[in-house]
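Dropping coords.cif in here (mmCIF, C-alpha atoms):
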```cif
data_upload
loop_
_atom_site.label_atom_id
_atom_site.label_comp_id
_atom_site.auth_asym_id
_atom_site.auth_seq_id
_atom_site.Cartn_x
_atom_site.Cartn_y
_atom_site.Cartn_z
CA MET N 680 -5.35 29.67 -4.55
CA VAL N 681 -3.15 26.59 -4.78
CA ASN N 682 -5.01 23.31 -4.72
CA LYS N 683 -3.85 21.06 -1.92
CA LEU N 684 -3.34 17.36 -2.47
CA ARG N 685 -5.57 15.19 -0.29
CA ILE N 686 -3.94 11.92 0.73
CA GLY N 687 -5.90 9.49 2.88
CA VAL N 688 -4.67 6.56 4.95
CA VAL N 689 -7.33 3.94 5.67
CA GLY N 690 -7.55 4.43 9.40
CA PHE N 691 -9.04 1.43 11.12
CA GLN N 692 -6.01 -0.52 12.26
CA GLY N 693 -2.30 -0.88 11.60
CA ALA N 694 0.47 1.62 10.87
CA VAL N 695 -1.88 4.55 10.23
CA SER N 696 -0.15 7.33 12.18
CA GLU N 697 3.24 6.28 10.80
CA HIS N 698 2.02 6.64 7.20
CA VAL N 699 0.37 9.98 7.99
CA TYR N 700 3.58 11.26 9.59
CA ILE N 701 5.96 10.21 6.83
CA MET N 702 3.64 11.41 4.04
CA LYS N 703 3.33 14.83 5.71
CA LYS N 704 7.12 14.89 5.99
CA THR N 705 7.44 14.00 2.29
CA LEU N 706 5.00 16.73 1.21
CA LYS N 707 6.93 19.27 3.26
CA LYS N 708 10.30 18.19 1.87
CA GLU N 709 9.00 18.31 -1.71
CA ASN N 710 7.32 21.66 -1.03
CA ILE N 711 3.94 20.29 -2.12
CA PRO N 712 0.84 21.78 -0.45
CA GLY N 713 -1.36 19.02 0.87
CA GLU N 714 -3.11 17.36 3.75
CA VAL N 715 -2.83 13.80 5.02
CA PHE N 716 -5.50 12.23 7.19
CA ALA N 717 -7.09 8.98 8.33
CA VAL N 718 -9.96 7.68 6.20
CA LYS N 719 -12.72 6.06 8.26
CA GLN N 720 -15.92 6.80 6.36
CA ILE N 721 -17.06 7.32 2.78
CA SER N 722 -17.22 11.12 3.11
CA ASP N 723 -13.47 11.15 3.85
CA LEU N 724 -12.93 10.15 0.22
CA ASP N 725 -14.47 13.36 -1.15
CA ASN N 726 -12.00 14.99 -3.57
CA ILE N 727 -9.34 12.47 -2.56
CA ASP N 728 -6.15 12.35 -4.65
CA GLY N 729 -4.54 9.19 -3.30
CA VAL N 730 -5.17 6.44 -0.74
CA ILE N 731 -2.82 4.28 1.33
CA LEU N 732 -3.86 0.87 2.68
CA PRO N 733 -1.54 0.38 5.67
CA GLY N 734 0.01 -2.70 7.16
CA GLY N 735 -1.74 -4.34 10.07
CA GLU N 736 -4.02 -7.37 10.09
CA SER N 737 -5.67 -8.08 6.74
CA THR N 738 -8.73 -9.77 8.29
CA THR N 739 -9.45 -6.81 10.57
CA ILE N 740 -8.90 -4.17 7.89
CA SER N 741 -11.05 -6.13 5.42
CA LYS N 742 -13.96 -6.28 7.88
CA PHE N 743 -13.83 -2.54 8.54
CA LEU N 744 -13.63 -1.74 4.82
CA HIS N 745 -16.86 -3.64 4.26
CA ARG N 746 -18.72 -2.39 7.33
CA SER N 747 -17.89 1.24 6.53
CA GLY N 748 -18.76 1.00 2.83
CA LEU N 749 -15.21 2.00 1.93
CA TYR N 750 -14.59 -1.28 0.11
CA LYS N 751 -17.04 -0.48 -2.69
CA GLU N 752 -16.17 3.21 -2.77
CA ILE N 753 -12.40 2.68 -3.07
CA HIS N 754 -12.91 -0.05 -5.67
CA SER N 755 -15.16 2.27 -7.68
CA LEU N 756 -12.75 5.24 -7.49
CA VAL N 757 -9.86 3.10 -8.71
CA LYS N 758 -11.86 1.59 -11.56
CA LYS N 759 -13.66 4.76 -12.68
CA ASP N 760 -11.19 7.54 -11.82
CA ASN N 761 -7.86 5.69 -11.74
CA LEU N 762 -7.36 6.69 -8.10
CA PRO N 763 -3.71 6.17 -7.04
CA LEU N 764 -3.48 3.54 -4.32
CA MET N 765 -0.62 2.09 -2.27
CA GLY N 766 -0.94 -1.03 -0.14
CA THR N 767 1.77 -2.03 2.34
CA CYS N 768 2.00 -5.47 3.99
CA ALA N 769 -1.66 -6.28 4.82
CA GLY N 770 -2.65 -3.63 2.27
CA CYS N 771 -0.68 -5.55 -0.35
CA VAL N 772 -2.72 -8.66 0.45
CA LEU N 773 -6.02 -6.81 0.04
CA LEU N 774 -5.04 -5.49 -3.40
CA ALA N 775 -4.50 -8.99 -4.80
CA LYS N 776 -6.78 -10.83 -7.19
CA GLU N 777 -5.67 -14.18 -5.75
CA ILE N 778 -4.41 -15.47 -2.42
CA ILE N 779 -2.69 -18.79 -1.75
CA ASP N 780 -4.20 -19.23 1.71
CA PRO N 781 -7.74 -17.89 1.23
CA SER N 782 -9.95 -17.06 4.18
CA ASP N 783 -13.64 -16.23 4.26
CA ASP N 784 -12.74 -13.38 6.61
CA VAL N 785 -10.56 -11.61 4.04
CA LYS N 786 -12.40 -9.98 1.14
CA LEU N 787 -9.86 -8.99 -1.48
CA LEU N 788 -10.25 -5.75 -3.45
CA LYS N 789 -8.90 -7.65 -6.49
CA LEU N 790 -7.39 -4.54 -8.06
CA MET N 791 -3.97 -5.97 -9.02
CA ASP N 792 -2.91 -8.90 -11.17
CA ILE N 793 -1.02 -10.53 -8.31
CA LYS N 794 -1.21 -13.73 -6.28
CA VAL N 795 -0.03 -13.36 -2.68
CA LYS N 796 0.90 -15.57 0.23
CA ARG N 797 0.46 -14.22 3.75
CA ASN N 798 3.18 -14.52 6.43
CA ALA N 799 5.34 -15.99 3.73
CA PHE N 800 8.76 -15.86 5.37
CA GLY N 801 7.82 -18.19 8.23
CA ARG N 802 7.84 -17.74 11.99
CA GLN N 803 11.62 -17.76 12.22
CA ARG N 804 11.63 -14.60 10.14
CA GLU N 805 8.47 -12.90 11.31
CA SER N 806 10.37 -9.63 11.41
CA PHE N 807 13.58 -8.70 9.62
CA GLU N 808 15.21 -5.87 7.74
CA LYS N 809 17.01 -6.01 4.42
CA ASP N 810 18.45 -3.64 1.84
CA ILE N 811 16.61 -4.19 -1.44
CA HIS N 812 17.00 -2.83 -4.94
CA ILE N 813 13.88 -1.12 -6.29
CA GLU N 814 13.50 -0.48 -10.00
CA GLY N 815 14.15 3.19 -10.72
CA PHE N 816 15.90 3.86 -7.39
CA THR N 817 19.63 4.59 -7.61
CA LYS N 818 20.42 3.39 -4.08
CA PRO N 819 19.15 0.38 -2.07
CA PHE N 820 16.10 0.84 0.15
CA HIS N 821 16.31 -0.44 3.73
CA ALA N 822 13.06 -2.41 3.95
CA VAL N 823 11.35 -3.49 7.18
CA PHE N 824 9.41 -6.77 6.95
CA ILE N 825 6.93 -7.74 9.69
CA ARG N 826 5.04 -11.03 9.19
CA ALA N 827 5.28 -10.07 5.56
CA PRO N 828 3.39 -11.47 2.59
CA ILE N 829 5.10 -12.14 -0.70
CA ILE N 830 3.82 -11.71 -4.22
CA GLU N 831 4.04 -15.23 -5.63
CA LYS N 832 2.96 -14.31 -9.13
CA THR N 833 2.32 -11.28 -11.33
CA TRP N 834 0.60 -11.19 -14.71
CA GLY N 835 -1.16 -8.86 -17.12
CA ASP N 836 -0.20 -5.21 -16.68
CA CYS N 837 1.41 -5.76 -13.27
CA LYS N 838 5.19 -5.43 -13.13
CA PRO N 839 7.59 -6.45 -10.31
CA MET N 840 9.64 -3.57 -8.90
CA ALA N 841 11.67 -5.36 -6.20
CA ILE N 842 12.59 -8.94 -5.38
CA ILE N 843 14.35 -10.92 -2.66
CA GLY N 844 15.81 -14.02 -4.27
CA ASP N 845 12.92 -15.23 -6.39
CA LYS N 846 10.25 -13.56 -4.26
CA VAL N 847 8.56 -10.36 -5.45
CA VAL N 848 8.19 -7.84 -2.62
CA MET N 849 7.02 -4.77 -4.57
CA ALA N 850 4.91 -4.45 -7.70
CA LYS N 851 3.20 -1.73 -9.72
CA GLN N 852 0.12 -1.78 -11.94
CA GLY N 853 -0.93 1.55 -13.39
CA ASN N 854 -1.37 3.92 -10.44
CA ILE N 855 -1.34 1.13 -7.84
CA LEU N 856 1.62 0.02 -5.73
CA ALA N 857 1.80 -3.16 -3.63
CA LEU N 858 4.59 -3.59 -1.08
CA SER N 859 5.34 -6.55 1.20
CA PHE N 860 7.25 -4.30 3.57
CA HIS N 861 6.72 -1.17 5.69
CA PRO N 862 8.26 1.97 4.12
CA GLU N 863 6.60 4.09 6.80
CA LEU N 864 8.84 2.53 9.48
CA THR N 865 12.01 4.05 8.02
CA ASN N 866 13.27 7.59 7.56
CA ASP N 867 13.65 7.02 3.82
CA LEU N 868 11.00 9.08 2.03
CA ARG N 869 11.62 7.77 -1.49
CA ILE N 870 8.67 5.38 -1.74
CA HIS N 871 6.21 7.99 -0.48
CA LYS N 872 7.79 10.46 -2.89
CA TYR N 873 7.34 7.92 -5.70
CA PHE N 874 3.69 7.50 -4.73
CA LEU N 875 3.21 11.28 -4.86
CA LYS N 876 4.41 11.24 -8.47
CA LEU N 877 1.58 8.82 -9.27
CA VAL N 878 -0.85 11.11 -7.43
CA LYS N 879 0.24 14.29 -9.21
#
```
Entire entry expressed as structure tokens:
Amino acid sequence: MVNKLRIGVVGFQGAVSEHVYIMKKTLKKENIPGEVFAVKQISDLDNIDGVILPGGESTTISKFLHRSGLYKEIHSLVKKDNLPLMGTCAGCVLLAKEIIDPSDDVKLLKLMDIKVKRNAFGRQRESFEKDIHIEGFTKPFHAVFIRAPIIEKTWGDCKPMAIIGDKVVMAKQGNILALSFHPELTNDLRIHKYFLKLVK
């Protein structure tokens, strides 16, 4: 019997169904047996192989993570078992150890050596799309930014993977990825494929 990968998308708010859809599509294209599902309670993390923190509203997602007990469980799995984790947009914010505009309503997971700024591109550019170069990718990635944060600073073991001007928009630390943008809103499967390599 072939073991199936279990990929969970934290499922309280944000681009949950989009991540589930594109990850299922990626598994199928790569011919990898697996299941992708929304994570809403601690038991959903049983035998989990990878977790995605989707974009949405960081305050709302943070509250649900704490109320459900998932905050402590995800933090523990990353620290103890090196659980692969990908955070996009609001998920990127929650992964940070520091935030420029702190709020009592946002409890950071503090799993990456990054400092972030929320809604960093200003109201004039709340939403935009741009081709970016990602380290290790041979062709540009068409990135969708929606009220996007930026990674103001990286240190320690965290390495930038993509920048716009002098702004970091993707970073990697061990098995953890942080993205300012929404890869699930494109038909390009490469970032989800890259995440699967960390999972496997």
- Item | Matched chain/residue IDs from the PyMOL selection byres ((chain N and resi 815-831) around 7), as a count of residues only | 28
- Quote the spacing between CA of Leu724 in chain N and CA of Ile686 in chain N in Å to one decimal place.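 It comes out at 9.2 Å.
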- Any chance you could resolve the PyMOL selection byres ((chain N and resi 850) around 9) against this file and give the residues as an MDAnalysis selection string? chainID N and resid 793 830 833 837:841 847:849 851:852 855:858
- Message: Report, in Å with one decimal, the straight-line distance from CA of Phe716 in chain N to CA of Lys759 in chain N.
- Response: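 Going from CA of Phe716 in chain N over to CA of Lys759 in chain N, I get 22.7 Å.
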- Task: Run the PyMOL selection byres ((chain N and resi 873) around 12) mentally over the shown coordinates, then write out the matched residues as a list in words, using the chain letters and numbers from the document.
- Result: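 Matching residues under the PyMOL selection byres ((chain N and resi 873) around 12) are Met702, Thr705, Leu706, Glu709, Pro763, Leu764, Met765, Ile813, Glu814, Gly815, Phe816, Lys851, Asn854, Ile855, Leu856, Pro862, Asp867, Leu868, Arg869, Ile870, His871, Lys872, Phe874, Leu875, Lys876, Leu877, Val878 and Lys879 of chain N.
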- Task: Would you mind reading off the distance between CA of Ile701 in chain N and CA of Ile727 in chain N, one decimal, in Å?
- Result: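 So the two atoms, CA of Ile701 in chain N and CA of Ile727 in chain N, lie 18.1 Å apart.
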- Message: Can you tell me which residues surround Ser741 in chain N at a distance of at most 9 Å, considering all atoms listed in the file, apart from same-chain residues fewer than 6 positions away, and format the answer as a list in words?
- Response: Tyr750, Leu773, Asp784, Val785, Lys786, Leu787 and Leu788 of chain N
- Item | Residue among N:Ile842, N:Val699, N:Val772, N:Ile753 lying closest to Ile721 in chain N, counting all atoms listed in the file |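 Selected residue with least distance to Ile721 in chain N: N:Ile753.
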- Message: Which polymer residues, whether protein, DNA or RNA, lie within 9 Å of the coordinate (-2.1, 1.3, 9.4) when you count only C-alpha atoms? List them as JSON, numbers by chain, using the chain letters and numbers from the file.
- Response: {"N": [688, 689, 690, 691, 692, 693, 694, 695, 696, 697, 698, 731, 732, 733, 734, 735, 736, 740, 767, 769, 770]}
Output for the residues just chosen: C-alpha atoms as an mmCIF file, in the frame of the given file:
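Output file selection-v9.cif is given in full below:
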```cif
data_model
loop_
_atom_site.group_PDB
_atom_site.id
_atom_site.type_symbol
_atom_site.label_atom_id
_atom_site.label_comp_id
_atom_site.auth_asym_id
_atom_site.auth_seq_id
_atom_site.Cartn_x
_atom_site.Cartn_y
_atom_site.Cartn_z
ATOM 1 C CA VAL N 688 -4.670 6.560 4.950
ATOM 2 C CA VAL N 689 -7.330 3.940 5.670
ATOM 3 C CA GLY N 690 -7.550 4.430 9.400
ATOM 4 C CA PHE N 691 -9.040 1.430 11.120
ATOM 5 C CA GLN N 692 -6.010 -0.520 12.260
ATOM 6 C CA GLY N 693 -2.300 -0.880 11.600
ATOM 7 C CA ALA N 694 0.470 1.620 10.870
ATOM 8 C CA VAL N 695 -1.880 4.550 10.230
ATOM 9 C CA SER N 696 -0.150 7.330 12.180
ATOM 10 C CA GLU N 697 3.240 6.280 10.800
ATOM 11 C CA HIS N 698 2.020 6.640 7.200
ATOM 12 C CA ILE N 731 -2.820 4.280 1.330
ATOM 13 C CA LEU N 732 -3.860 0.870 2.680
ATOM 14 C CA PRO N 733 -1.540 0.380 5.670
ATOM 15 C CA GLY N 734 0.010 -2.700 7.160
ATOM 16 C CA GLY N 735 -1.740 -4.340 10.070
ATOM 17 C CA GLU N 736 -4.020 -7.370 10.090
ATOM 18 C CA ILE N 740 -8.900 -4.170 7.890
ATOM 19 C CA THR N 767 1.770 -2.030 2.340
ATOM 20 C CA ALA N 769 -1.660 -6.280 4.820
ATOM 21 C CA GLY N 770 -2.650 -3.630 2.270
#
```
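Ranking N:Ser755, N:Thr739, N:Arg685, N:Tyr700 by their shortest atom-to-atom distance to Val718 in chain N, with all atoms listed in the file included, puts N:Arg685 first.
Closest to Ala775 in chain N among N:Leu790, N:Leu756, N:Leu749, N:Val715 is N:Leu790, based on only C-alpha atoms.
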- Given the choices N:Asn710, N:Ser722, N:Leu774, N:Asp728, which gets closest to Leu684 in chain N if the distance is worked out from only C-alpha atoms?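 For Leu684 in chain N, the nearest of the given residues is N:Asp728.
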